[in-house]
>>> print(open('start_13.pdb').read())   # PDB, C-alpha atoms and all ligand atoms
MODEL        1
ATOM      1  CA  MET V1362     131.052  -8.103  -4.210  1.00  0.00           C
ATOM      2  CA  LEU V1363     129.861 -11.508  -5.362  1.00  0.00           C
ATOM      3  CA  LEU V1364     131.458 -14.008  -7.661  1.00  0.00           C
ATOM      4  CA  SER V1365     128.815 -16.534  -8.586  1.00  0.00           C
ATOM      5  CA  ALA V1366     130.095 -19.341 -10.736  1.00  0.00           C
ATOM      6  CA  GLY V1367     128.420 -22.377  -9.267  1.00  0.00           C
ATOM      7  CA  VAL V1368     127.623 -23.795  -5.878  1.00  0.00           C
ATOM      8  CA  SER V1369     129.313 -22.422  -2.778  1.00  0.00           C
ATOM      9  CA  PRO V1370     130.371 -25.403  -0.701  1.00  0.00           C
ATOM     10  CA  ALA V1371     131.462 -24.864   2.873  1.00  0.00           C
ATOM     11  CA  LEU V1372     135.144 -25.532   2.461  1.00  0.00           C
ATOM     12  CA  PRO V1373     137.714 -25.379   5.195  1.00  0.00           C
ATOM     13  CA  PHE V1374     139.644 -22.166   5.066  1.00  0.00           C
ATOM     14  CA  ILE V1375     142.722 -22.725   2.989  1.00  0.00           C
ATOM     15  CA  LEU V1376     145.931 -20.815   3.542  1.00  0.00           C
ATOM     16  CA  LEU V1377     148.729 -20.263   1.095  1.00  0.00           C
ATOM     17  CA  LEU V1378     151.341 -21.007  -0.219  1.00  0.00           C
ATOM     18  CA  ASP V1379     153.501 -22.640  -2.840  1.00  0.00           C
ATOM     19  CA  ASN V1380     157.111 -21.733  -2.079  1.00  0.00           C
ATOM     20  CA  GLY V1381     155.939 -18.692  -0.161  1.00  0.00           C
ATOM     21  CA  VAL V1382     155.522 -16.766  -3.415  1.00  0.00           C
ATOM     22  CA  VAL V1383     152.482 -14.564  -3.700  1.00  0.00           C
ATOM     23  CA  GLU V1384     151.685 -12.639  -6.839  1.00  0.00           C
ATOM     24  CA  GLY V1385     149.643  -9.504  -6.610  1.00  0.00           C
ATOM     25  CA  ARG V1386     148.003  -8.046  -3.520  1.00  0.00           C
ATOM     26  CA  PRO V1387     146.211 -10.715  -1.461  1.00  0.00           C
ATOM     27  CA  VAL V1388     144.230  -9.781   1.625  1.00  0.00           C
ATOM     28  CA  ARG V1389     146.059 -10.837   4.800  1.00  0.00           C
ATOM     29  CA  HIS V1390     144.810 -12.241   8.063  1.00  0.00           C
ATOM     30  CA  GLY V1391     147.517 -11.216  10.485  1.00  0.00           C
ATOM     31  CA  ASP V1392     150.584 -11.540   8.285  1.00  0.00           C
ATOM     32  CA  VAL V1393     149.263 -14.514   6.344  1.00  0.00           C
ATOM     33  CA  PRO V1394     148.151 -13.957   2.722  1.00  0.00           C
ATOM     34  CA  GLN V1395     144.830 -15.625   1.988  1.00  0.00           C
ATOM     35  CA  LEU V1396     143.376 -17.520  -0.950  1.00  0.00           C
ATOM     36  CA  ALA V1397     139.696 -17.477  -1.865  1.00  0.00           C
ATOM     37  CA  GLN V1398     137.736 -20.718  -1.763  1.00  0.00           C
ATOM     38  CA  ALA V1399     137.104 -22.493  -5.054  1.00  0.00           C
ATOM     39  CA  ILE V1400     137.231 -26.074  -6.332  1.00  0.00           C
ATOM     40  CA  LEU V1401     137.222 -27.813  -9.687  1.00  0.00           C
ATOM     41  CA  LEU V1402     134.182 -29.969 -10.373  1.00  0.00           C
ATOM     42  CA  GLY V1403     135.550 -31.347 -13.635  1.00  0.00           C
ATOM     43  CA  ARG V1404     138.898 -32.741 -14.779  1.00  0.00           C
ATOM     44  CA  LYS V1405     141.736 -31.836 -12.433  1.00  0.00           C
ATOM     45  CA  SER V1406     144.303 -31.409 -15.191  1.00  0.00           C
ATOM     46  CA  ALA V1407     147.472 -29.449 -14.511  1.00  0.00           C
ATOM     47  CA  ARG V1408     146.214 -26.523 -16.620  1.00  0.00           C
ATOM     48  CA  ALA V1409     142.852 -26.483 -14.855  1.00  0.00           C
ATOM     49  CA  GLN V1410     144.550 -26.497 -11.462  1.00  0.00           C
ATOM     50  CA  TYR V1411     146.960 -23.785 -12.543  1.00  0.00           C
ATOM     51  CA  TRP V1412     144.126 -21.459 -13.568  1.00  0.00           C
ATOM     52  CA  LEU V1413     142.107 -22.315 -10.485  1.00  0.00           C
ATOM     53  CA  ARG V1414     144.984 -21.281  -8.269  1.00  0.00           C
ATOM     54  CA  ARG V1415     145.439 -18.047 -10.174  1.00  0.00           C
ATOM     55  CA  GLY V1416     141.717 -17.369  -9.831  1.00  0.00           C
ATOM     56  CA  ARG V1417     141.846 -17.951  -6.088  1.00  0.00           C
ATOM     57  CA  THR V1418     144.780 -15.547  -5.783  1.00  0.00           C
ATOM     58  CA  GLU V1419     143.063 -12.869  -7.897  1.00  0.00           C
ATOM     59  CA  HIS V1420     139.844 -13.399  -5.959  1.00  0.00           C
ATOM     60  CA  ALA V1421     141.746 -12.769  -2.689  1.00  0.00           C
ATOM     61  CA  SER V1422     142.839  -9.390  -4.073  1.00  0.00           C
ATOM     62  CA  VAL V1423     139.220  -8.176  -4.223  1.00  0.00           C
ATOM     63  CA  PRO V1424     138.850  -7.880  -0.419  1.00  0.00           C
ATOM     64  CA  ALA V1425     142.394  -6.474  -0.208  1.00  0.00           C
ATOM     65  CA  PHE V1426     141.339  -3.477  -2.311  1.00  0.00           C
ATOM     66  CA  GLN V1427     137.975  -3.155  -0.572  1.00  0.00           C
ATOM     67  CA  GLN V1428     139.864  -3.009   2.725  1.00  0.00           C
ATOM     68  CA  LEU V1429     142.373  -0.537   1.296  1.00  0.00           C
ATOM     69  CA  ALA V1430     139.602   1.769   0.020  1.00  0.00           C
ATOM     70  CA  ALA V1431     137.810   1.698   3.386  1.00  0.00           C
ATOM     71  CA  GLU V1432     141.024   2.374   5.315  1.00  0.00           C
ATOM     72  CA  LEU V1433     141.975   5.230   2.975  1.00  0.00           C
ATOM     73  CA  HIS V1434     138.526   6.750   3.397  1.00  0.00           C
ATOM     74  CA  ALA V1435     138.795   6.442   7.189  1.00  0.00           C
ATOM     75  CA  LEU V1436     142.156   8.245   7.054  1.00  0.00           C
ATOM     76  CA  GLY V1437     140.720  11.118   5.015  1.00  0.00           C
ATOM     77  CA  ALA V1438     142.684  10.253   1.866  1.00  0.00           C
ATOM     78  CA  PRO V1439     141.875  12.111  -1.363  1.00  0.00           C
ATOM     79  CA  ARG V1440     138.737  10.826  -3.045  1.00  0.00           C
ATOM     80  CA  GLU V1441     140.723  10.098  -6.175  1.00  0.00           C
ATOM     81  CA  LEU V1442     142.874   7.517  -4.334  1.00  0.00           C
ATOM     82  CA  VAL V1443     139.817   5.912  -2.702  1.00  0.00           C
ATOM     83  CA  GLY V1444     138.134   5.713  -6.109  1.00  0.00           C
ATOM     84  CA  ARG V1445     141.174   4.116  -7.733  1.00  0.00           C
ATOM     85  CA  ALA V1446     141.313   1.491  -4.955  1.00  0.00           C
ATOM     86  CA  LEU V1447     137.645   0.633  -5.553  1.00  0.00           C
ATOM     87  CA  GLU V1448     138.265   0.478  -9.280  1.00  0.00           C
ATOM     88  CA  ALA V1449     141.140  -1.930  -8.604  1.00  0.00           C
ATOM     89  CA  ALA V1450     138.776  -4.145  -6.557  1.00  0.00           C
ATOM     90  CA  ARG V1451     136.525  -4.335  -9.617  1.00  0.00           C
ATOM     91  CA  ASP V1452     139.536  -5.153 -11.819  1.00  0.00           C
ATOM     92  CA  GLU V1453     140.535  -7.998  -9.486  1.00  0.00           C
ATOM     93  CA  CYS V1454     137.004  -9.338  -9.596  1.00  0.00           C
ATOM     94  CA  GLY V1455     137.330  -9.396 -13.380  1.00  0.00           C
ATOM     95  CA  HIS V1456     140.719 -11.140 -13.177  1.00  0.00           C
ATOM     96  CA  ALA V1457     139.274 -13.797 -10.881  1.00  0.00           C
ATOM     97  CA  LEU V1458     136.384 -14.446 -13.257  1.00  0.00           C
ATOM     98  CA  LEU V1459     138.757 -14.658 -16.232  1.00  0.00           C
ATOM     99  CA  CYS V1460     140.987 -17.158 -14.406  1.00  0.00           C
ATOM    100  CA  TYR V1461     138.058 -19.229 -13.132  1.00  0.00           C
ATOM    101  CA  GLY V1462     136.715 -19.169 -16.688  1.00  0.00           C
ATOM    102  CA  MET V1463     140.034 -20.550 -17.954  1.00  0.00           C
ATOM    103  CA  ALA V1464     139.958 -23.239 -15.239  1.00  0.00           C
ATOM    104  CA  GLN V1465     136.467 -24.163 -16.397  1.00  0.00           C
ATOM    105  CA  ARG V1466     137.653 -24.305 -20.004  1.00  0.00           C
ATOM    106  CA  HIS V1467     140.410 -26.764 -19.067  1.00  0.00           C
ATOM    107  CA  SER V1468     138.355 -28.866 -16.651  1.00  0.00           C
ATOM    108  CA  GLY V1469     135.207 -29.073 -18.763  1.00  0.00           C
ATOM    109  CA  MET V1470     132.909 -28.230 -15.841  1.00  0.00           C
ATOM    110  CA  PRO V1471     131.975 -25.109 -13.885  1.00  0.00           C
ATOM    111  CA  VAL V1472     134.214 -24.036 -11.037  1.00  0.00           C
ATOM    112  CA  ALA V1473     132.547 -23.939  -7.618  1.00  0.00           C
ATOM    113  CA  VAL V1474     133.461 -20.617  -6.063  1.00  0.00           C
ATOM    114  CA  GLY V1475     133.038 -19.918  -2.372  1.00  0.00           C
ATOM    115  CA  ALA V1476     133.300 -16.814  -0.277  1.00  0.00           C
ATOM    116  CA  SER V1477     136.045 -14.226  -0.488  1.00  0.00           C
ATOM    117  CA  PRO V1478     138.333 -14.007   2.531  1.00  0.00           C
ATOM    118  CA  GLY V1479     136.929 -11.466   4.973  1.00  0.00           C
ATOM    119  CA  TRP V1480     138.345  -8.061   5.835  1.00  0.00           C
ATOM    120  CA  HIS V1481     137.839  -5.314   8.364  1.00  0.00           C
ATOM    121  CA  ILE V1482     139.221  -1.840   8.979  1.00  0.00           C
ATOM    122  CA  ARG V1483     142.362  -2.438  11.003  1.00  0.00           C
ATOM    123  CA  GLY V1484     143.149  -0.465  14.114  1.00  0.00           C
ATOM    124  CA  GLY V1485     146.072   1.505  15.467  1.00  0.00           C
ATOM    125  CA  ASP V1486     146.905   5.181  15.682  1.00  0.00           C
ATOM    126  CA  ARG V1487     147.053   7.293  12.543  1.00  0.00           C
ATOM    127  CA  SER V1488     150.788   6.854  12.102  1.00  0.00           C
ATOM    128  CA  THR V1489     150.524   3.046  12.418  1.00  0.00           C
ATOM    129  CA  ARG V1490     147.695   2.878   9.881  1.00  0.00           C
ATOM    130  CA  LEU V1491     149.473   5.148   7.394  1.00  0.00           C
ATOM    131  CA  SER V1492     152.702   3.159   7.731  1.00  0.00           C
ATOM    132  CA  ARG V1493     150.868  -0.136   7.188  1.00  0.00           C
ATOM    133  CA  ILE V1494     149.329   1.201   3.977  1.00  0.00           C
ATOM    134  CA  ALA V1495     152.703   2.515   2.821  1.00  0.00           C
ATOM    135  CA  ARG V1496     154.480  -0.814   3.475  1.00  0.00           C
ATOM    136  CA  GLU V1497     151.745  -2.932   1.888  1.00  0.00           C
ATOM    137  CA  SER V1498     151.682  -0.622  -1.120  1.00  0.00           C
ATOM    138  CA  LEU V1499     155.433  -0.999  -1.455  1.00  0.00           C
ATOM    139  CA  TYR V1500     155.631  -4.791  -1.043  1.00  0.00           C
ATOM    140  CA  ASP V1501     152.270  -6.008  -2.369  1.00  0.00           C
ATOM    141  CA  GLY V1502     151.615  -3.185  -4.826  1.00  0.00           C
ATOM    142  CA  ILE V1503     154.844  -1.886  -6.333  1.00  0.00           C
ATOM    143  CA  ILE V1504     156.704  -5.200  -6.015  1.00  0.00           C
ATOM    144  CA  GLY V1505     153.904  -7.831  -5.963  1.00  0.00           C
ATOM    145  CA  GLU V1506     151.603  -6.343  -8.568  1.00  0.00           C
ATOM    146  CA  GLY V1507     154.550  -5.037 -10.564  1.00  0.00           C
ATOM    147  CA  ASN V1508     155.869  -8.628 -10.719  1.00  0.00           C
ATOM    148  CA  ALA V1509     152.413  -9.963 -11.561  1.00  0.00           C
ATOM    149  CA  ALA V1510     152.267  -7.569 -14.522  1.00  0.00           C
ATOM    150  CA  LYS V1511     155.783  -8.507 -15.623  1.00  0.00           C
ATOM    151  CA  ARG V1512     155.128 -12.245 -15.480  1.00  0.00           C
ATOM    152  CA  ALA V1513     151.789 -11.895 -17.259  1.00  0.00           C
ATOM    153  CA  ARG V1514     153.532  -9.849 -19.988  1.00  0.00           C
ATOM    154  CA  GLY V1515     156.078 -12.640 -20.504  1.00  0.00           C
ATOM    155  CA  ARG V1516     153.328 -15.261 -20.664  1.00  0.00           C
ATOM    156  CA  ARG V1517     151.257 -13.105 -23.037  1.00  0.00           C
ATOM    157  CA  ASP V1518     154.175 -12.617 -25.411  1.00  0.00           C
ATOM    158  CA  ALA V1519     154.942 -16.347 -25.462  1.00  0.00           C
ATOM    159  CA  GLU V1520     151.309 -17.460 -25.718  1.00  0.00           C
ATOM    160  CA  ARG V1521     149.999 -19.001 -28.946  1.00  0.00           C
ATOM    161  CA  ASP V1522     146.415 -19.499 -27.866  1.00  0.00           C
ATOM    162  CA  GLU V1523     144.493 -16.315 -28.668  1.00  0.00           C
ATOM    163  CA  LEU V1524     142.029 -16.475 -25.783  1.00  0.00           C
ATOM    164  CA  THR V1525     144.741 -17.155 -23.217  1.00  0.00           C
ATOM    165  CA  GLY V1526     146.758 -14.278 -24.653  1.00  0.00           C
ATOM    166  CA  ARG V1527     143.776 -11.941 -24.267  1.00  0.00           C
ATOM    167  CA  VAL V1528     143.354 -12.975 -20.623  1.00  0.00           C
ATOM    168  CA  GLU V1529     147.033 -12.359 -19.915  1.00  0.00           C
ATOM    169  CA  ASN V1530     146.866  -9.008 -21.683  1.00  0.00           C
ATOM    170  CA  ALA V1531     143.953  -7.796 -19.556  1.00  0.00           C
ATOM    171  CA  ILE V1532     145.927  -8.727 -16.455  1.00  0.00           C
ATOM    172  CA  VAL V1533     149.085  -6.982 -17.743  1.00  0.00           C
ATOM    173  CA  VAL V1534     147.276  -3.699 -18.331  1.00  0.00           C
ATOM    174  CA  GLU V1535     145.386  -3.639 -15.055  1.00  0.00           C
ATOM    175  CA  GLU V1536     148.148  -4.968 -12.775  1.00  0.00           C
ATOM    176  CA  SER V1537     150.439  -2.264 -14.170  1.00  0.00           C
ATOM    177  CA  ARG V1538     147.780   0.290 -13.239  1.00  0.00           C
ATOM    178  CA  HIS V1539     147.603  -1.175  -9.726  1.00  0.00           C
ATOM    179  CA  ALA V1540     151.379  -0.888  -9.345  1.00  0.00           C
ATOM    180  CA  ASP V1541     151.082   2.788 -10.383  1.00  0.00           C
ATOM    181  CA  LEU V1542     148.353   3.288  -7.779  1.00  0.00           C
ATOM    182  CA  ALA V1543     150.666   1.740  -5.179  1.00  0.00           C
ATOM    183  CA  LYS V1544     153.405   4.270  -6.030  1.00  0.00           C
ATOM    184  CA  ASP V1545     150.950   7.140  -5.577  1.00  0.00           C
ATOM    185  CA  LEU V1546     149.771   5.625  -2.278  1.00  0.00           C
ATOM    186  CA  VAL V1547     153.307   5.399  -0.924  1.00  0.00           C
ATOM    187  CA  HIS V1548     153.942   9.038  -1.836  1.00  0.00           C
ATOM    188  CA  TRP V1549     150.689  10.165  -0.230  1.00  0.00           C
ATOM    189  CA  ALA V1550     151.188   8.096   2.945  1.00  0.00           C
ATOM    190  CA  VAL V1551     154.791   9.276   3.413  1.00  0.00           C
ATOM    191  CA  ARG V1552     153.676  12.903   2.947  1.00  0.00           C
ATOM    192  CA  GLU V1553     151.119  12.242   5.686  1.00  0.00           C
ATOM    193  CA  GLY V1554     153.823  10.933   8.027  1.00  0.00           C
ATOM    194  CA  ALA V1555     154.066   7.171   7.249  1.00  0.00           C
ATOM    195  CA  SER V1556     157.271   5.275   7.898  1.00  0.00           C
ATOM    196  CA  LEU V1557     158.400   2.510   5.546  1.00  0.00           C
ATOM    197  CA  ALA V1558     160.564   0.903   8.237  1.00  0.00           C
ATOM    198  CA  ALA V1559     159.073  -2.345   9.582  1.00  0.00           C
TER     199      ALA V1559
HETATM  200 FE    FE A   1     144.867  -9.111 -10.467  1.00  0.00          FE
HETATM  201 FE    FE A   2     146.205  -6.170  -8.922  1.00  0.00          FE
ENDMDL
END
>>> encode(input="start_13.pdb", output="structure tokens")
Amino acid sequence: MLLSAGVSPALPFILLLDNGVVEGRPVRHGDVPQLAQAILLGRKSARAQYWLRRGRTEHASVPAFQQLAAELHALGAPRELVGRALEAARDECGHALLCYGMAQRHSGMPVAVGASPGWHIRGGDRSTRLSRIARESLYDGIIGEGNAAKRARGRRDAERDELTGRVENAIVVEESRHADLAKDLVHWAVREGASLAA
């Protein structure tokens, strides 16, 4: 899935985080949540940087859902769950573009967007893979995306700028749907034998 919003400079890979807080469901390398690569070409105002960071976080959720869909498929999960994971990847792509668009609005210049963090189908026996999906769905989905929806709702309700409010609203609706998907994934994985214990 491509996000083309300007040149794609070869940037060093940038790891998180501010205060260790991650909103949403970022793809992880090992245990480390990743950010996508993107830089401001225009004014580096606080608002522009804020939206750039949100865009990079949303962008890093695209490979997380692509990975989730592929791993669910490999485990023989119901098609409906695989389809919802792919739909969520498309939603996250939309969130990233909205946030990069807001960064562009505040910086006055296009945002240069690089590659998404990579992903692969992770190994382990069936029980290990099911348990990993269950735990990630609990922490990144139910909690992380649930919090992302809650915070976006608060920002939307306090927002006076119409366009910003519309962006927050799109994120509220879709992050809530992702948190619901995560609940269904936990139920499915536990029925299949997953353990939520670390
Ligand atoms: Fe998102
Ligand atoms: Fe999400």
>>> closest_atom_pairs(input="start_13.pdb", of="chain V", to="ligand FE 1 (chain A)", cutoff="7 Å", atoms="all atoms listed in the file", output="tab-separated table")
residue	atom	partner	partner_atom	distance
V:Gly1385	CA	A:FE1	FE	6.2
V:Glu1419	CA	A:FE1	FE	4.9
V:Ser1422	CA	A:FE1	FE	6.7
V:Asp1452	CA	A:FE1	FE	6.8
V:Glu1453	CA	A:FE1	FE	4.6
V:His1456	CA	A:FE1	FE	5.4
V:Ile1532	CA	A:FE1	FE	6.1
V:Glu1536	CA	A:FE1	FE	5.8
>>> resolve_selection(input="start_13.pdb", expression="the PyMOL selection byres (((chain V and resi 1543-1549) around 6) and not hetatm)", output="ChimeraX atom specification")
/V:1495,1498,1502-1503,1540-1542,1550-1552
>>> atom_distance(input="start_13.pdb", atom1="atom CA of Ala1558 of chain V", atom2="atom CA of Ser1492 of chain V")
8.2 Å
>>> closest_atom_pairs(input="start_13.pdb", of="chain V", to="ligand FE 2 (chain A)", cutoff="12 Å", atoms="all atoms listed in the file", output="tab-separated table")
residue	atom	partner	partner_atom	distance
V:Val1383	CA	A:FE2	FE	11.7
V:Glu1384	CA	A:FE2	FE	8.7
V:Gly1385	CA	A:FE2	FE	5.3
V:Arg1386	CA	A:FE2	FE	6.0
V:Pro1387	CA	A:FE2	FE	8.7
V:Val1388	CA	A:FE2	FE	11.3
V:Arg1415	CA	A:FE2	FE	12.0
V:Thr1418	CA	A:FE2	FE	10.0
V:Glu1419	CA	A:FE2	FE	7.5
V:His1420	CA	A:FE2	FE	10.1
V:Ala1421	CA	A:FE2	FE	10.1
V:Ser1422	CA	A:FE2	FE	6.7
V:Val1423	CA	A:FE2	FE	8.7
V:Pro1424	CA	A:FE2	FE	11.4
V:Ala1425	CA	A:FE2	FE	9.5
V:Phe1426	CA	A:FE2	FE	8.6
V:Arg1445	CA	A:FE2	FE	11.5
V:Ala1446	CA	A:FE2	FE	9.9
V:Leu1447	CA	A:FE2	FE	11.4
V:Glu1448	CA	A:FE2	FE	10.4
V:Ala1449	CA	A:FE2	FE	6.6
V:Ala1450	CA	A:FE2	FE	8.1
V:Arg1451	CA	A:FE2	FE	9.9
V:Asp1452	CA	A:FE2	FE	7.3
V:Glu1453	CA	A:FE2	FE	6.0
V:Cys1454	CA	A:FE2	FE	9.8
V:Gly1455	CA	A:FE2	FE	10.4
V:His1456	CA	A:FE2	FE	8.5
V:Ala1457	CA	A:FE2	FE	10.5
V:Ser1498	CA	A:FE2	FE	11.0
V:Asp1501	CA	A:FE2	FE	8.9
V:Gly1502	CA	A:FE2	FE	7.4
V:Ile1503	CA	A:FE2	FE	10.0
V:Ile1504	CA	A:FE2	FE	10.9
V:Gly1505	CA	A:FE2	FE	8.4
V:Glu1506	CA	A:FE2	FE	5.4
V:Gly1507	CA	A:FE2	FE	8.6
V:Asn1508	CA	A:FE2	FE	10.1
V:Ala1509	CA	A:FE2	FE	7.7
V:Ala1510	CA	A:FE2	FE	8.4
V:Lys1511	CA	A:FE2	FE	11.9
V:Ala1513	CA	A:FE2	FE	11.6
V:Ala1531	CA	A:FE2	FE	11.0
V:Ile1532	CA	A:FE2	FE	8.0
V:Val1533	CA	A:FE2	FE	9.3
V:Val1534	CA	A:FE2	FE	9.8
V:Glu1535	CA	A:FE2	FE	6.7
V:Glu1536	CA	A:FE2	FE	4.5
V:Ser1537	CA	A:FE2	FE	7.8
V:Arg1538	CA	A:FE2	FE	7.9
V:His1539	CA	A:FE2	FE	5.2
V:Ala1540	CA	A:FE2	FE	7.4
V:Asp1541	CA	A:FE2	FE	10.3
V:Leu1542	CA	A:FE2	FE	9.8
V:Ala1543	CA	A:FE2	FE	9.8
>>> write_last_selection(input="start_13.pdb", atoms="C-alpha atoms", output="JSON list (two decimals), in the coordinates of the input")
[["chain", "number", "residue", "atom", "x", "y", "z"],
["V", 1383, "VAL", "CA", 152.48, -14.56, -3.70],
["V", 1384, "GLU", "CA", 151.68, -12.64, -6.84],
["V", 1385, "GLY", "CA", 149.64, -9.50, -6.61],
["V", 1386, "ARG", "CA", 148.00, -8.05, -3.52],
["V", 1387, "PRO", "CA", 146.21, -10.72, -1.46],
["V", 1388, "VAL", "CA", 144.23, -9.78, 1.62],
["V", 1415, "ARG", "CA", 145.44, -18.05, -10.17],
["V", 1418, "THR", "CA", 144.78, -15.55, -5.78],
["V", 1419, "GLU", "CA", 143.06, -12.87, -7.90],
["V", 1420, "HIS", "CA", 139.84, -13.40, -5.96],
["V", 1421, "ALA", "CA", 141.75, -12.77, -2.69],
["V", 1422, "SER", "CA", 142.84, -9.39, -4.07],
["V", 1423, "VAL", "CA", 139.22, -8.18, -4.22],
["V", 1424, "PRO", "CA", 138.85, -7.88, -0.42],
["V", 1425, "ALA", "CA", 142.39, -6.47, -0.21],
["V", 1426, "PHE", "CA", 141.34, -3.48, -2.31],
["V", 1445, "ARG", "CA", 141.17, 4.12, -7.73],
["V", 1446, "ALA", "CA", 141.31, 1.49, -4.96],
["V", 1447, "LEU", "CA", 137.65, 0.63, -5.55],
["V", 1448, "GLU", "CA", 138.26, 0.48, -9.28],
["V", 1449, "ALA", "CA", 141.14, -1.93, -8.60],
["V", 1450, "ALA", "CA", 138.78, -4.14, -6.56],
["V", 1451, "ARG", "CA", 136.52, -4.34, -9.62],
["V", 1452, "ASP", "CA", 139.54, -5.15, -11.82],
["V", 1453, "GLU", "CA", 140.54, -8.00, -9.49],
["V", 1454, "CYS", "CA", 137.00, -9.34, -9.60],
["V", 1455, "GLY", "CA", 137.33, -9.40, -13.38],
["V", 1456, "HIS", "CA", 140.72, -11.14, -13.18],
["V", 1457, "ALA", "CA", 139.27, -13.80, -10.88],
["V", 1498, "SER", "CA", 151.68, -0.62, -1.12],
["V", 1501, "ASP", "CA", 152.27, -6.01, -2.37],
["V", 1502, "GLY", "CA", 151.62, -3.18, -4.83],
["V", 1503, "ILE", "CA", 154.84, -1.89, -6.33],
["V", 1504, "ILE", "CA", 156.70, -5.20, -6.02],
["V", 1505, "GLY", "CA", 153.90, -7.83, -5.96],
["V", 1506, "GLU", "CA", 151.60, -6.34, -8.57],
["V", 1507, "GLY", "CA", 154.55, -5.04, -10.56],
["V", 1508, "ASN", "CA", 155.87, -8.63, -10.72],
["V", 1509, "ALA", "CA", 152.41, -9.96, -11.56],
["V", 1510, "ALA", "CA", 152.27, -7.57, -14.52],
["V", 1511, "LYS", "CA", 155.78, -8.51, -15.62],
["V", 1513, "ALA", "CA", 151.79, -11.90, -17.26],
["V", 1531, "ALA", "CA", 143.95, -7.80, -19.56],
["V", 1532, "ILE", "CA", 145.93, -8.73, -16.45],
["V", 1533, "VAL", "CA", 149.08, -6.98, -17.74],
["V", 1534, "VAL", "CA", 147.28, -3.70, -18.33],
["V", 1535, "GLU", "CA", 145.39, -3.64, -15.06],
["V", 1536, "GLU", "CA", 148.15, -4.97, -12.78],
["V", 1537, "SER", "CA", 150.44, -2.26, -14.17],
["V", 1538, "ARG", "CA", 147.78, 0.29, -13.24],
["V", 1539, "HIS", "CA", 147.60, -1.18, -9.73],
["V", 1540, "ALA", "CA", 151.38, -0.89, -9.35],
["V", 1541, "ASP", "CA", 151.08, 2.79, -10.38],
["V", 1542, "LEU", "CA", 148.35, 3.29, -7.78],
["V", 1543, "ALA", "CA", 150.67, 1.74, -5.18]]
>>> atom_distance(input="start_13.pdb", atom1="atom CA of Ser1406 of chain V", atom2="atom CA of Gly1479 of chain V")
29.3 Å
>>> resolve_selection(input="start_13.pdb", expression="the PyMOL selection byres (((chain V and resi 1431) around 12) and not hetatm)", output="number ranges by chain")
V: 1424-1430, 1432-1438, 1440, 1442-1447, 1450, 1480-1483, 1490, 1494
>>> residues_near_point(input="start_13.pdb", point="(151.0, -11.7, -23.2)", cutoff="9 Å", atoms="only C-alpha atoms", output="ChimeraX atom specification")
/V:1512-1520,1525-1533
>>> closest_residue(input="start_13.pdb", among="V:Arg1417, V:Gly1403, V:Arg1408, V:Val1393", to="Ala1476 of chain V", atoms="all atoms listed in the file")
V:Arg1417
>>> atom_distance(input="start_13.pdb", atom1="atom CA of Pro1471 of chain V", atom2="atom CA of Leu1524 of chain V")
17.8 Å
>>> closest_residue(input="start_13.pdb", among="V:Gln1410, V:Leu1557, V:His1390, V:Leu1396", to="Arg1493 of chain V", atoms="all atoms listed in the file")
V:Leu1557
>>> closest_residue(input="start_13.pdb", among="V:Val1474, V:Leu1402, V:Leu1459, V:Ala1555", to="Glu1497 of chain V", atoms="only C-alpha atoms")
V:Ala1555
>>> resolve_selection(input="start_13.pdb", expression="the PyMOL selection byres (((chain V and resi 1469) around 10) and not hetatm)", output="list of chain:residue names")
V:Leu1401, V:Leu1402, V:Gly1403, V:Arg1404, V:Lys1405, V:Ala1409, V:Met1463, V:Ala1464, V:Gln1465, V:Arg1466, V:His1467, V:Ser1468, V:Met1470, V:Pro1471, V:Val1472
>>> build_atoms(input="start_13.pdb", residues="segment 1531-1540 of chain V", atoms="N, CA and C atoms", output="PDB file, keeping the file's coordinate frame")
ATOM      1  N   ALA V1531     144.806  -8.571 -20.468  1.00  0.00           N
ATOM      2  CA  ALA V1531     143.953  -7.796 -19.556  1.00  0.00           C
ATOM      3  C   ALA V1531     144.633  -7.663 -18.201  1.00  0.00           C
ATOM      4  N   ILE V1532     145.266  -8.740 -17.766  1.00  0.00           N
ATOM      5  CA  ILE V1532     145.927  -8.727 -16.455  1.00  0.00           C
ATOM      6  C   ILE V1532     147.167  -7.824 -16.490  1.00  0.00           C
ATOM      7  N   VAL V1533     147.907  -7.859 -17.602  1.00  0.00           N
ATOM      8  CA  VAL V1533     149.085  -6.982 -17.743  1.00  0.00           C
ATOM      9  C   VAL V1533     148.683  -5.518 -17.570  1.00  0.00           C
ATOM     10  N   VAL V1534     147.678  -5.108 -18.315  1.00  0.00           N
ATOM     11  CA  VAL V1534     147.276  -3.699 -18.331  1.00  0.00           C
ATOM     12  C   VAL V1534     146.823  -3.263 -16.935  1.00  0.00           C
ATOM     13  N   GLU V1535     145.982  -4.078 -16.315  1.00  0.00           N
ATOM     14  CA  GLU V1535     145.386  -3.639 -15.055  1.00  0.00           C
ATOM     15  C   GLU V1535     146.336  -3.797 -13.874  1.00  0.00           C
ATOM     16  N   GLU V1536     147.177  -4.845 -13.877  1.00  0.00           N
ATOM     17  CA  GLU V1536     148.148  -4.968 -12.775  1.00  0.00           C
ATOM     18  C   GLU V1536     149.176  -3.828 -12.840  1.00  0.00           C
ATOM     19  N   SER V1537     149.517  -3.405 -14.053  1.00  0.00           N
ATOM     20  CA  SER V1537     150.439  -2.264 -14.170  1.00  0.00           C
ATOM     21  C   SER V1537     149.793  -1.026 -13.559  1.00  0.00           C
ATOM     22  N   ARG V1538     148.496  -0.863 -13.801  1.00  0.00           N
ATOM     23  CA  ARG V1538     147.780   0.290 -13.239  1.00  0.00           C
ATOM     24  C   ARG V1538     147.753   0.206 -11.708  1.00  0.00           C
ATOM     25  N   HIS V1539     147.625  -1.016 -11.184  1.00  0.00           N
ATOM     26  CA  HIS V1539     147.603  -1.175  -9.726  1.00  0.00           C
ATOM     27  C   HIS V1539     148.976  -0.844  -9.128  1.00  0.00           C
ATOM     28  N   ALA V1540     150.033  -1.219  -9.842  1.00  0.00           N
ATOM     29  CA  ALA V1540     151.379  -0.888  -9.345  1.00  0.00           C
ATOM     30  C   ALA V1540     151.574   0.634  -9.351  1.00  0.00           C
TER      31      ALA V1540
END
